[in-house]
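K.L.:
Structure file target35.txt (compact mmCIF, C-alpha atoms) right here:
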```
# COMPACT_ATOMS: atom_id res chain seq x y z
CA MET Q 12 -71.44 -93.99 34.09
CA LEU Q 13 -72.21 -90.32 33.60
CA ASP Q 14 -69.33 -89.55 35.91
CA SER Q 15 -66.87 -91.47 33.82
CA LEU Q 16 -68.20 -89.70 30.73
CA PHE Q 17 -66.66 -86.45 31.90
CA ASP Q 18 -63.47 -88.04 33.20
CA ASP Q 19 -61.61 -87.22 30.02
CA VAL Q 20 -62.59 -83.58 30.29
CA LYS Q 21 -61.69 -83.34 33.96
CA ARG Q 22 -58.22 -84.67 33.31
CA MET Q 23 -57.47 -82.20 30.54
CA ASN Q 24 -55.17 -79.31 31.13
CA LYS Q 25 -56.04 -75.81 29.97
CA ARG Q 26 -54.58 -76.18 26.48
CA GLN Q 27 -56.10 -79.57 25.84
CA PHE Q 28 -59.48 -78.19 26.84
CA ILE Q 29 -59.13 -75.19 24.53
CA TYR Q 30 -58.14 -77.52 21.72
CA GLN Q 31 -61.17 -79.69 22.41
CA VAL Q 32 -63.48 -76.69 22.15
CA LEU Q 33 -61.69 -75.42 19.04
CA SER Q 34 -61.89 -78.77 17.28
CA PHE Q 35 -65.61 -78.81 17.95
CA GLY Q 36 -65.72 -75.29 16.53
CA MET Q 37 -63.82 -76.46 13.47
CA ILE Q 38 -66.30 -79.24 12.77
CA VAL Q 39 -69.12 -76.71 12.83
CA SER Q 40 -67.20 -74.12 10.84
CA SER Q 41 -66.12 -76.63 8.20
CA ALA Q 42 -69.77 -77.40 7.51
CA LEU Q 43 -70.53 -73.69 7.49
CA MET Q 44 -67.69 -72.86 5.13
CA ILE Q 45 -68.64 -75.65 2.73
CA TRP Q 46 -72.16 -74.20 2.65
CA LYS Q 47 -70.91 -70.65 2.11
CA GLY Q 48 -68.52 -71.92 -0.55
CA LEU Q 49 -71.43 -73.56 -2.36
CA MET Q 50 -73.31 -70.27 -2.13
CA VAL Q 51 -70.45 -68.47 -3.84
CA VAL Q 52 -70.05 -71.16 -6.52
CA THR Q 53 -73.74 -71.49 -7.38
CA GLY Q 54 -74.68 -67.86 -6.84
CA SER Q 55 -77.71 -68.97 -4.86
CA GLU Q 56 -78.29 -67.95 -1.27
CA SER Q 57 -79.52 -71.48 -0.57
CA PRO Q 58 -77.81 -73.90 -2.97
CA ILE Q 59 -79.52 -77.04 -1.62
CA VAL Q 60 -83.20 -77.19 -0.66
CA VAL Q 61 -85.57 -79.94 0.36
CA VAL Q 62 -88.96 -80.32 -1.32
CA LEU Q 63 -91.54 -80.08 1.45
CA SER Q 64 -94.82 -80.60 -0.42
CA GLY Q 65 -96.27 -82.73 -3.16
CA SER Q 66 -97.24 -79.77 -5.32
CA MET Q 67 -94.65 -80.64 -7.98
CA GLU Q 68 -95.50 -84.33 -8.32
CA PRO Q 69 -94.64 -86.33 -10.36
CA ALA Q 70 -91.47 -84.31 -11.01
CA PHE Q 71 -90.45 -83.95 -7.39
CA HIS Q 72 -91.75 -85.71 -4.32
CA ARG Q 73 -91.70 -84.75 -0.69
CA GLY Q 74 -88.20 -85.31 0.64
CA ASP Q 75 -86.30 -84.82 -2.60
CA LEU Q 76 -83.11 -82.83 -2.35
CA LEU Q 77 -82.74 -80.13 -5.02
CA PHE Q 78 -79.50 -78.55 -6.18
CA LEU Q 79 -79.89 -74.96 -7.31
CA THR Q 80 -77.89 -72.46 -9.28
CA ASN Q 81 -78.64 -68.79 -9.71
CA TYR Q 82 -76.30 -67.26 -12.27
CA PRO Q 83 -77.39 -63.72 -13.18
CA GLU Q 84 -76.44 -64.14 -16.84
CA GLU Q 85 -78.79 -67.10 -17.39
CA PRO Q 86 -82.29 -65.94 -18.28
CA VAL Q 87 -85.38 -67.47 -16.68
CA ARG Q 88 -87.48 -69.34 -19.27
CA VAL Q 89 -90.98 -70.78 -19.35
CA GLY Q 90 -91.01 -74.43 -18.28
CA GLU Q 91 -88.07 -74.11 -15.91
CA ILE Q 92 -88.45 -75.03 -12.28
CA VAL Q 93 -87.56 -72.14 -10.00
CA VAL Q 94 -87.33 -71.78 -6.26
CA PHE Q 95 -88.64 -68.42 -5.09
CA LYS Q 96 -89.34 -66.51 -1.94
CA VAL Q 97 -92.60 -64.73 -1.20
CA GLU Q 98 -92.79 -61.88 1.23
CA GLY Q 99 -94.33 -62.99 4.50
CA ARG Q 100 -93.43 -66.67 4.01
CA ASP Q 101 -90.38 -68.18 5.67
CA ILE Q 102 -90.04 -71.18 3.39
CA PRO Q 103 -89.19 -70.80 -0.33
CA ILE Q 104 -91.48 -72.49 -2.87
CA VAL Q 105 -90.43 -74.82 -5.73
CA HIS Q 106 -92.71 -74.38 -8.78
CA ARG Q 107 -92.59 -74.26 -12.59
CA VAL Q 108 -92.62 -71.04 -14.64
CA LEU Q 109 -95.93 -70.82 -16.49
CA LYS Q 110 -95.93 -67.38 -18.17
CA LEU Q 111 -93.12 -64.92 -18.64
CA HIS Q 112 -92.85 -61.36 -19.91
CA GLU Q 113 -89.48 -59.95 -20.80
CA LYS Q 114 -88.71 -56.33 -21.59
CA ASN Q 115 -86.02 -55.09 -23.93
CA ASN Q 116 -83.95 -53.87 -20.99
CA GLY Q 117 -83.83 -57.42 -19.65
CA THR Q 118 -86.27 -57.13 -16.75
CA VAL Q 119 -88.65 -60.04 -16.48
CA LYS Q 120 -91.84 -60.78 -14.65
CA PHE Q 121 -93.27 -64.25 -14.49
CA LEU Q 122 -96.02 -66.41 -13.08
CA THR Q 123 -95.52 -69.87 -11.59
CA LYS Q 124 -97.65 -72.92 -10.88
CA GLY Q 125 -97.12 -76.25 -9.18
CA ASP Q 126 -97.43 -79.18 -11.62
CA ASN Q 127 -99.78 -80.93 -9.24
CA ASN Q 128 -101.84 -77.85 -8.34
CA SER Q 129 -105.01 -76.99 -10.22
CA VAL Q 130 -104.49 -73.22 -10.11
CA ASP Q 131 -101.53 -70.90 -10.59
CA ASP Q 132 -99.65 -69.38 -7.68
CA ARG Q 133 -101.25 -65.93 -7.51
CA GLY Q 134 -103.04 -67.04 -4.37
CA LEU Q 135 -99.69 -67.87 -2.76
CA TYR Q 136 -97.99 -64.59 -3.58
CA ALA Q 137 -98.05 -61.61 -1.23
CA GLN Q 138 -101.21 -59.51 -1.06
CA GLY Q 139 -101.64 -57.68 -4.37
CA GLN Q 140 -98.61 -59.30 -6.02
CA LEU Q 141 -99.35 -60.62 -9.50
CA TRP Q 142 -95.90 -61.46 -10.83
CA LEU Q 143 -92.54 -62.62 -9.57
CA THR Q 144 -89.35 -60.83 -10.58
CA LYS Q 145 -85.71 -61.81 -10.64
CA LYS Q 146 -85.08 -60.62 -7.10
CA ASP Q 147 -87.58 -63.16 -5.75
CA VAL Q 148 -85.69 -66.09 -7.27
CA VAL Q 149 -83.53 -68.18 -4.95
CA GLY Q 150 -82.34 -70.46 -7.73
CA ARG Q 151 -83.20 -72.84 -10.52
CA ALA Q 152 -83.36 -76.59 -10.01
CA ARG Q 153 -80.37 -78.25 -11.66
CA GLY Q 154 -80.45 -81.70 -10.19
CA PHE Q 155 -82.14 -83.73 -7.51
CA LEU Q 156 -81.53 -86.61 -5.16
CA PRO Q 157 -84.64 -88.52 -4.10
CA TYR Q 158 -85.60 -89.36 -0.46
CA VAL Q 159 -82.45 -87.92 1.16
CA GLY Q 160 -84.32 -84.87 2.40
CA MET Q 161 -86.74 -86.98 4.43
CA VAL Q 162 -84.22 -86.81 7.29
CA THR Q 163 -84.55 -83.03 7.33
CA ILE Q 164 -88.32 -83.24 7.17
CA TYR Q 165 -88.50 -85.61 10.14
CA MET Q 166 -86.06 -83.45 12.06
CA ASN Q 167 -88.23 -80.39 11.46
CA GLU Q 168 -91.42 -82.22 12.33
CA TYR Q 169 -89.99 -83.49 15.59
CA PRO Q 170 -87.84 -80.64 16.86
CA LYS Q 171 -87.18 -82.47 20.13
CA PHE Q 172 -85.66 -85.36 18.21
CA LYS Q 173 -83.50 -82.92 16.29
CA PHE Q 174 -82.21 -81.22 19.42
CA ALA Q 175 -81.61 -84.58 21.07
CA VAL Q 176 -79.52 -85.80 18.13
CA LEU Q 177 -77.58 -82.54 17.92
CA ALA Q 178 -76.98 -82.43 21.67
CA CYS Q 179 -75.72 -86.03 21.69
CA LEU Q 180 -73.32 -85.34 18.84
CA ALA Q 181 -72.08 -82.14 20.47
CA ILE Q 182 -71.51 -83.82 23.83
CA TYR Q 183 -69.73 -86.72 22.21
CA VAL Q 184 -67.37 -84.45 20.29
CA LEU Q 185 -66.71 -82.19 23.27
CA VAL Q 186 -66.20 -84.94 25.79
CA HIS Q 187 -64.31 -87.51 23.75
CA ARG Q 188 -60.63 -86.82 23.45
CA GLU Q 189 -59.50 -87.73 19.99
CA MET Z 13 -49.38 -106.87 42.00
CA THR Z 14 -52.81 -108.18 42.66
CA GLU Z 15 -56.10 -106.45 42.26
CA THR Z 16 -56.86 -106.23 45.93
CA LYS Z 17 -56.43 -102.48 46.14
CA LYS Z 18 -59.74 -101.36 44.76
CA THR Z 19 -60.12 -98.42 47.10
CA GLU Z 20 -59.99 -95.34 44.99
CA THR Z 21 -58.17 -92.24 46.01
CA PRO Z 22 -59.25 -89.20 44.02
CA GLU Z 23 -55.84 -89.14 42.34
CA VAL Z 24 -56.24 -92.54 40.72
CA VAL Z 25 -57.14 -92.25 37.08
CA LYS Z 26 -59.12 -95.11 35.68
CA ILE Z 27 -59.53 -95.43 31.96
CA ASN Z 28 -61.16 -97.80 29.56
CA LYS Z 29 -58.07 -99.66 28.46
CA TRP Z 30 -59.82 -101.07 25.39
CA ASP Z 31 -60.22 -97.57 24.01
CA GLY Z 32 -56.96 -97.03 22.14
CA ALA Z 33 -57.19 -93.23 22.11
CA ALA Z 34 -58.00 -93.03 25.81
CA ALA Z 35 -55.16 -95.38 26.69
CA LYS Z 36 -52.72 -93.39 24.59
CA ASN Z 37 -53.83 -90.10 26.16
CA ALA Z 38 -53.50 -91.53 29.65
CA VAL Z 39 -49.97 -92.82 29.07
CA ASP Z 40 -49.03 -89.60 27.28
CA ASP Z 41 -50.18 -87.69 30.34
CA ALA Z 42 -48.13 -89.96 32.56
CA VAL Z 43 -45.04 -89.39 30.41
CA ARG Z 44 -45.57 -85.64 30.57
CA GLU Z 45 -45.88 -85.91 34.32
CA VAL Z 46 -42.53 -87.68 34.52
CA LEU Z 47 -40.68 -85.21 32.32
CA THR Z 48 -42.08 -82.09 33.94
CA GLY Z 49 -42.33 -83.48 37.44
CA ASP Z 50 -39.73 -86.08 38.38
CA LEU Z 51 -37.11 -84.92 35.88
CA LYS Z 52 -37.73 -81.25 36.68
CA CYS Z 53 -37.92 -79.99 33.11
CA LYS Z 54 -39.99 -76.96 32.20
CA GLU Z 55 -42.73 -77.60 29.69
CA SER Z 56 -42.60 -75.41 26.61
CA PHE Z 57 -45.95 -74.73 24.98
CA ALA Z 58 -44.81 -73.09 21.72
CA LEU Z 59 -45.66 -76.10 19.56
CA ILE Z 60 -49.18 -76.65 20.89
CA ASP Z 61 -49.81 -72.90 21.03
CA GLY Z 62 -49.00 -72.75 17.33
CA ARG Z 63 -51.65 -75.33 16.63
CA LEU Z 64 -54.17 -73.59 18.89
CA PHE Z 65 -53.46 -70.33 17.07
CA LEU Z 66 -54.14 -71.92 13.67
CA CYS Z 67 -57.37 -73.49 14.93
CA ALA Z 68 -58.54 -70.26 16.54
CA LEU Z 69 -57.75 -68.32 13.38
CA ALA Z 70 -59.76 -70.77 11.26
CA VAL Z 71 -62.75 -70.63 13.58
CA GLY Z 72 -62.42 -66.83 13.68
CA VAL Z 73 -62.48 -66.62 9.88
CA ALA Z 74 -65.61 -68.79 9.79
CA LEU Z 75 -67.33 -66.67 12.45
CA TYR Z 76 -66.40 -63.50 10.57
CA ALA Z 77 -67.93 -64.91 7.38
CA LEU Z 78 -71.07 -65.83 9.29
CA LEU Z 79 -71.38 -62.38 10.82
CA TRP Z 80 -70.67 -60.57 7.55
CA ASP Z 81 -73.20 -62.68 5.67
CA TYR Z 82 -75.75 -61.93 8.36
CA LEU Z 83 -75.15 -58.17 8.20
CA TYR Z 84 -74.93 -57.93 4.38
CA PRO Z 85 -77.08 -60.74 2.92
CA PHE Z 86 -75.65 -62.91 0.21
CA PRO Z 87 -75.16 -61.19 -3.14
CA GLN Z 88 -73.55 -58.21 -1.35
CA SER Z 89 -71.27 -60.34 0.82
CA ARG Z 90 -69.92 -62.37 -2.09
CA LEU Z 91 -66.39 -60.97 -2.11
CA VAL Z 92 -65.94 -61.35 1.65
CA LEU Z 93 -67.30 -64.90 1.48
CA VAL Z 94 -64.90 -65.82 -1.33
CA ILE Z 95 -61.97 -64.52 0.72
CA CYS Z 96 -63.11 -66.19 3.95
CA VAL Z 97 -63.95 -69.55 2.38
CA SER Z 98 -60.67 -69.80 0.46
CA SER Z 99 -58.57 -68.69 3.42
CA TYR Z 100 -60.43 -71.14 5.66
CA PHE Z 101 -59.56 -74.08 3.44
CA VAL Z 102 -55.98 -72.84 3.07
CA LEU Z 103 -55.79 -72.67 6.89
CA MET Z 104 -57.11 -76.23 7.14
CA GLY Z 105 -54.36 -77.31 4.76
CA VAL Z 106 -51.74 -75.45 6.78
CA LEU Z 107 -53.06 -77.06 9.95
CA THR Z 108 -52.78 -80.52 8.42
CA LEU Z 109 -49.21 -79.79 7.30
CA TYR Z 110 -48.41 -78.41 10.75
CA THR Z 111 -49.65 -81.49 12.58
CA THR Z 112 -48.05 -83.98 10.16
CA PHE Z 113 -44.67 -82.37 9.56
CA LYS Z 114 -44.07 -80.08 12.52
CA GLU Z 115 -45.82 -81.74 15.44
CA LYS Z 116 -45.44 -85.34 14.27
CA GLY Z 117 -47.27 -86.59 17.32
CA ILE Z 118 -45.08 -84.67 19.77
CA PHE Z 119 -47.22 -84.21 22.85
CA VAL Z 120 -44.73 -82.61 25.20
CA VAL Z 121 -41.71 -80.39 24.71
CA ALA Z 122 -39.71 -79.83 27.87
CA ARG Z 123 -36.71 -77.60 28.46
CA GLU Z 124 -34.04 -78.39 30.93
CA THR Z 125 -31.47 -75.78 31.89
CA VAL Z 126 -28.08 -77.23 32.70
CA ALA Z 127 -24.63 -75.71 33.06
CA SER Z 128 -23.76 -76.26 29.40
CA GLY Z 129 -26.94 -74.60 28.09
CA THR Z 130 -30.47 -75.77 27.46
CA ARG Z 131 -31.51 -79.27 26.61
CA VAL Z 132 -34.81 -79.78 24.88
CA TRP Z 133 -36.70 -83.03 25.29
CA GLU Z 134 -39.46 -83.94 22.90
CA ALA Z 135 -41.69 -86.91 23.48
CA SER Z 136 -43.93 -88.24 20.75
CA SER Z 137 -46.02 -91.34 20.58
CA TYR Z 138 -48.18 -93.24 18.20
CA VAL Z 139 -50.39 -96.27 18.31
CA LYS Z 140 -51.42 -98.20 15.24
CA LYS Z 141 -55.09 -98.82 14.85
CA HIS Z 142 -56.29 -102.01 16.59
CA ASP Z 143 -52.82 -102.54 18.01
CA ASP Z 144 -51.75 -102.71 21.63
CA LYS Z 145 -48.21 -101.44 21.05
CA TYR Z 146 -47.51 -98.00 22.44
CA HIS Z 147 -44.61 -96.56 20.49
CA LEU Z 148 -42.81 -93.82 22.40
CA VAL Z 149 -39.96 -91.74 20.98
CA LEU Z 150 -37.90 -89.45 23.17
CA VAL Z 151 -35.71 -86.92 21.38
CA LEU Z 152 -32.97 -84.89 23.00
CA ARG Z 153 -31.79 -81.70 21.31
CA ASP Z 154 -28.92 -79.74 22.73
CA THR Z 155 -27.95 -76.14 22.09
CA ASN Z 156 -25.67 -77.04 19.17
CA GLY Z 157 -28.68 -78.33 17.28
CA LYS Z 158 -27.53 -81.93 17.59
CA PHE Z 159 -30.22 -84.43 18.39
CA ARG Z 160 -30.45 -88.01 19.50
CA GLU Z 161 -33.44 -90.20 19.93
CA ALA Z 162 -34.41 -93.33 21.73
CA SER Z 163 -37.64 -95.24 21.60
CA ILE Z 164 -39.62 -97.92 23.36
CA ASN Z 165 -42.18 -100.09 21.69
CA LYS Z 166 -44.16 -101.94 24.31
CA SER Z 167 -47.67 -103.11 24.84
CA PHE Z 168 -50.07 -100.99 26.85
CA ALA Z 169 -50.20 -103.92 29.24
CA ASN Z 170 -46.85 -102.70 30.60
CA TYR Z 171 -48.21 -99.32 31.56
CA ILE Z 172 -51.82 -99.95 32.42
CA ASP Z 173 -52.94 -102.60 34.85
CA SER Z 174 -55.97 -104.80 34.34
CA SER Z 175 -58.31 -102.40 36.15
CA GLY Z 176 -57.37 -99.54 33.83
CA VAL Z 177 -55.06 -97.62 36.16
CA VAL Z 178 -51.86 -96.24 34.72
CA ALA Z 179 -48.83 -97.60 36.54
CA GLN Z 180 -47.00 -94.35 37.11
CA ALA Z 181 -43.99 -96.11 38.64
CA THR Z 182 -43.40 -98.19 35.49
CA VAL Z 183 -43.72 -95.15 33.26
CA THR Z 184 -41.33 -93.22 35.47
CA SER Z 185 -38.71 -95.96 35.39
CA GLU Z 186 -39.00 -96.39 31.62
CA ILE Z 187 -38.69 -92.67 30.95
CA THR Z 188 -35.83 -92.29 33.39
CA ARG Z 189 -34.06 -95.16 31.66
CA LEU Z 190 -34.47 -93.49 28.24
CA TYR Z 191 -33.45 -90.17 29.71
CA ASN Z 192 -30.29 -91.56 31.21
CA SER Z 193 -29.34 -93.59 28.15
CA LEU Z 194 -29.68 -90.49 25.95
CA LEU Z 195 -27.57 -88.47 28.36
CA SER Z 196 -24.83 -91.11 28.68
CA GLU Z 197 -24.69 -91.54 24.90
CA LYS Z 198 -24.02 -87.86 24.76
CA LYS Z 199 -21.09 -88.10 27.10
CA GLU Z 200 -19.47 -90.91 25.11
CA LYS Z 201 -19.17 -88.72 22.05
```
Let me see whether you can do it: turn the structure in this file into structure tokens.
P.N.:
Amino acid sequence: MLDSLFDDVKRMNKRQFIYQVLSFGMIVSSALMIWKGLMVVTGSESPIVVVLSGSMEPAFHRGDLLFLTNYPEEPVRVGEIVVFKVEGRDIPIVHRVLKLHEKNNGTVKFLTKGDNNSVDDRGLYAQGQLWLTKKDVVGRARGFLPYVGMVTIYMNEYPKFKFAVLACLAIYVLVHRE
Amino acid sequence: MTETKKTETPEVVKINKWDGAAAKNAVDDAVREVLTGDLKCKESFALIDGRLFLCALAVGVALYALLWDYLYPFPQSRLVLVICVSSYFVLMGVLTLYTTFKEKGIFVVARETVASGTRVWEASSYVKKHDDKYHLVLVLRDTNGKFREASINKSFANYIDSSGVVAQATVTSEITRLYNSLLSEKKEK
């Protein structure tokens, strides 16, 4: 069975094999280029994020997919939901803007809080950081799709499952002559 | 022919004959074998190399974008990303045009040098989805740019026996027949 799996590959000549590898590469790069294209269009370094915690319930639940934009000309306002990065944390946080100070020259500093949390986010920020600024913002939530992100969450919780799925897909694409 | 000969020599290629793509690839390979082997033509790779070049260029552009974005994180890399993303999708479009209008399913181009110049043979094939008919077109182009074509439309059952082995002899005789009919047509005119 496993032997016959690789039969197609064994019978390929040099060019067919190169094409097989390149078409696998094109599948991966198409996904990559769509992502990079979204980055350019939305201005956000991560245009789609998955909500990982319940801290914004009832607005967002675990597993919701959020679509972000980050246009420099749009000011941040109190009540908006922003996604921001904190130094020393790998995963960005999705919370609502609670207080905001804006200077005449346009610089802003603001404080955030999760709708479902009892305290503001100062405890989550980096040591000694009291406010967030524009450079911390990844984007502002513009739309959401419920439940879809659960797939990502499961994949991250069971990395072995993720690698198994990815490996199967990769082998299928590489081995199967279209 | 009965199915008594089950002993496999390493040369025998067995395919899943219910898999349309696999069956087509196997017969395509057999046709290529005939043209480049029995009929002593030299395979020309320009057409497929063109496609490989387009694919490699597209993947290269994507890798370049990835590397650049890694070295100069997003807001800085914006211009390069715009250029890479748009050229990538343009390349994908070009690739689609190339395969539909230039390649048109041609899987082998073979050159044959004869006294009067060079003859170019192009074989292309297609199979409709969920159909057992293997449609093969053989085109002959001579140096004057004239071309003639002949085709066969037969079920895979003609080329592949019940155990999934391609009947090379049948393919050879079919291709030789097409080859000769195209050549004799030429002489009539």
K.L.:
I need the residue nearest chain Z from this list: Q:Lys145, Q:Arg188, Q:Arg88, Q:Arg153. Use only C-alpha atoms for the distance.
P.N.:
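Among the listed residues, Q:Arg188 lies closest to chain Z.
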K.L.:
Hey, list the chain Q side of the contact with chain Z: 6 Å cut-off, only C-alpha atoms, answer as JSON, numbers by chain.
P.N.:
{"Q": [37, 40, 44, 48, 56]}
K.L.:
Find the spatial neighbours of region 132-146 of chain Z, counting all atoms listed in the file, within a cut-off of 7 Å - ignore same-chain residues fewer than 6 positions away - and output them as a list in words.
P.N.:
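Residues meeting the cut-off are Gly117, Ile118, Phe119, Val120, Val121, Ala122, Arg123, Glu124, Leu152, Arg153, Asp154, Asn165, Lys166, Ser167 and Phe168 of chain Z.
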K.L.:
Return the single residue from Q:Ser64, Q:Gln140, Q:Asn127, Q:Thr118 that is closest to Met161 (chain Q), with distances computed using all atoms listed in the file.
P.N.:
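When distances to Met161 (chain Q) are compared using all atoms listed in the file, the smallest one comes from Q:Ser64.
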K.L.:
Record the distance separating CA of Gly125 (chain Q) and CA of Ser66 (chain Q), expressed in Å with one decimal.
P.N.:
5.2 Å
K.L.:
Could you give me, as a short mmCIF file (atom, residue, chain, number, x, y, z; two decimals) with C-alpha atoms, keeping the file's coordinate frame, the residues within 10 Å of Thr125 (chain Z), counting all atoms listed in the file and dropping anything in the same chain fewer than 5 positions from it?
P.N.:
```
data_model
loop_
_atom_site.label_atom_id
_atom_site.label_comp_id
_atom_site.auth_asym_id
_atom_site.auth_seq_id
_atom_site.Cartn_x
_atom_site.Cartn_y
_atom_site.Cartn_z
CA LYS Z 52 -37.73 -81.25 36.68
CA CYS Z 53 -37.92 -79.99 33.11
CA LYS Z 54 -39.99 -76.96 32.20
CA THR Z 130 -30.47 -75.77 27.46
CA ARG Z 131 -31.51 -79.27 26.61
CA VAL Z 132 -34.81 -79.78 24.88
#
```
K.L.:
For CA of Gln31 (chain Q) and CA of Ile172 (chain Z), determine how far apart the two atoms are, in Å to one decimal place.
P.N.:
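If I compute the distance from CA of Gln31 (chain Q) to CA of Ile172 (chain Z), I get 24.5 Å.
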K.L.:
Rounded to one decimal, what separation in Å do you get between CA of Pro83 (chain Q) and CA of Glu98 (chain Q)?
P.N.:
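Taking CA of Pro83 (chain Q) as the start and CA of Glu98 (chain Q) as the end point, the length is 21.2 Å.
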K.L.:
Determine the nearest neighbour of Gly154 (chain Q) from the options Q:Ile59, Q:Ala178, Q:Val52, Q:Val97, counting only C-alpha atoms.
P.N.:
Q:Ile59
K.L.:
Env of Lys110 (chain Q): 10 Å cut, atoms = all atoms listed in the file, seq-sep filter 2 positions within chain, self excluded. Answer as JSON, numbers by chain.
P.N.:
{"Q": [88, 89, 90, 107, 108, 112, 120, 121, 122, 123, 124, 142]}
K.L.:
With C-alpha atoms kept, could you save the residues just selected as a PDB file, in the frame of the given file?
P.N.:
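Below is the file result-v1.pdb, written as the result:
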```pdb
ATOM      1  CA  ARG Q  88     -87.480 -69.340 -19.270  1.00  0.00           C
ATOM      2  CA  VAL Q  89     -90.980 -70.780 -19.350  1.00  0.00           C
ATOM      3  CA  GLY Q  90     -91.010 -74.430 -18.280  1.00  0.00           C
ATOM      4  CA  ARG Q 107     -92.590 -74.260 -12.590  1.00  0.00           C
ATOM      5  CA  VAL Q 108     -92.620 -71.040 -14.640  1.00  0.00           C
ATOM      6  CA  HIS Q 112     -92.850 -61.360 -19.910  1.00  0.00           C
ATOM      7  CA  LYS Q 120     -91.840 -60.780 -14.650  1.00  0.00           C
ATOM      8  CA  PHE Q 121     -93.270 -64.250 -14.490  1.00  0.00           C
ATOM      9  CA  LEU Q 122     -96.020 -66.410 -13.080  1.00  0.00           C
ATOM     10  CA  THR Q 123     -95.520 -69.870 -11.590  1.00  0.00           C
ATOM     11  CA  LYS Q 124     -97.650 -72.920 -10.880  1.00  0.00           C
ATOM     12  CA  TRP Q 142     -95.900 -61.460 -10.830  1.00  0.00           C
TER      13      TRP Q 142
END
```
K.L.:
Just checking: using all atoms listed in the file, which residue out of Q:Arg100, Q:Gly74, Q:Gly65, Q:Arg26 ends up closest to Asp147 (chain Q)?
P.N.:
Q:Arg100
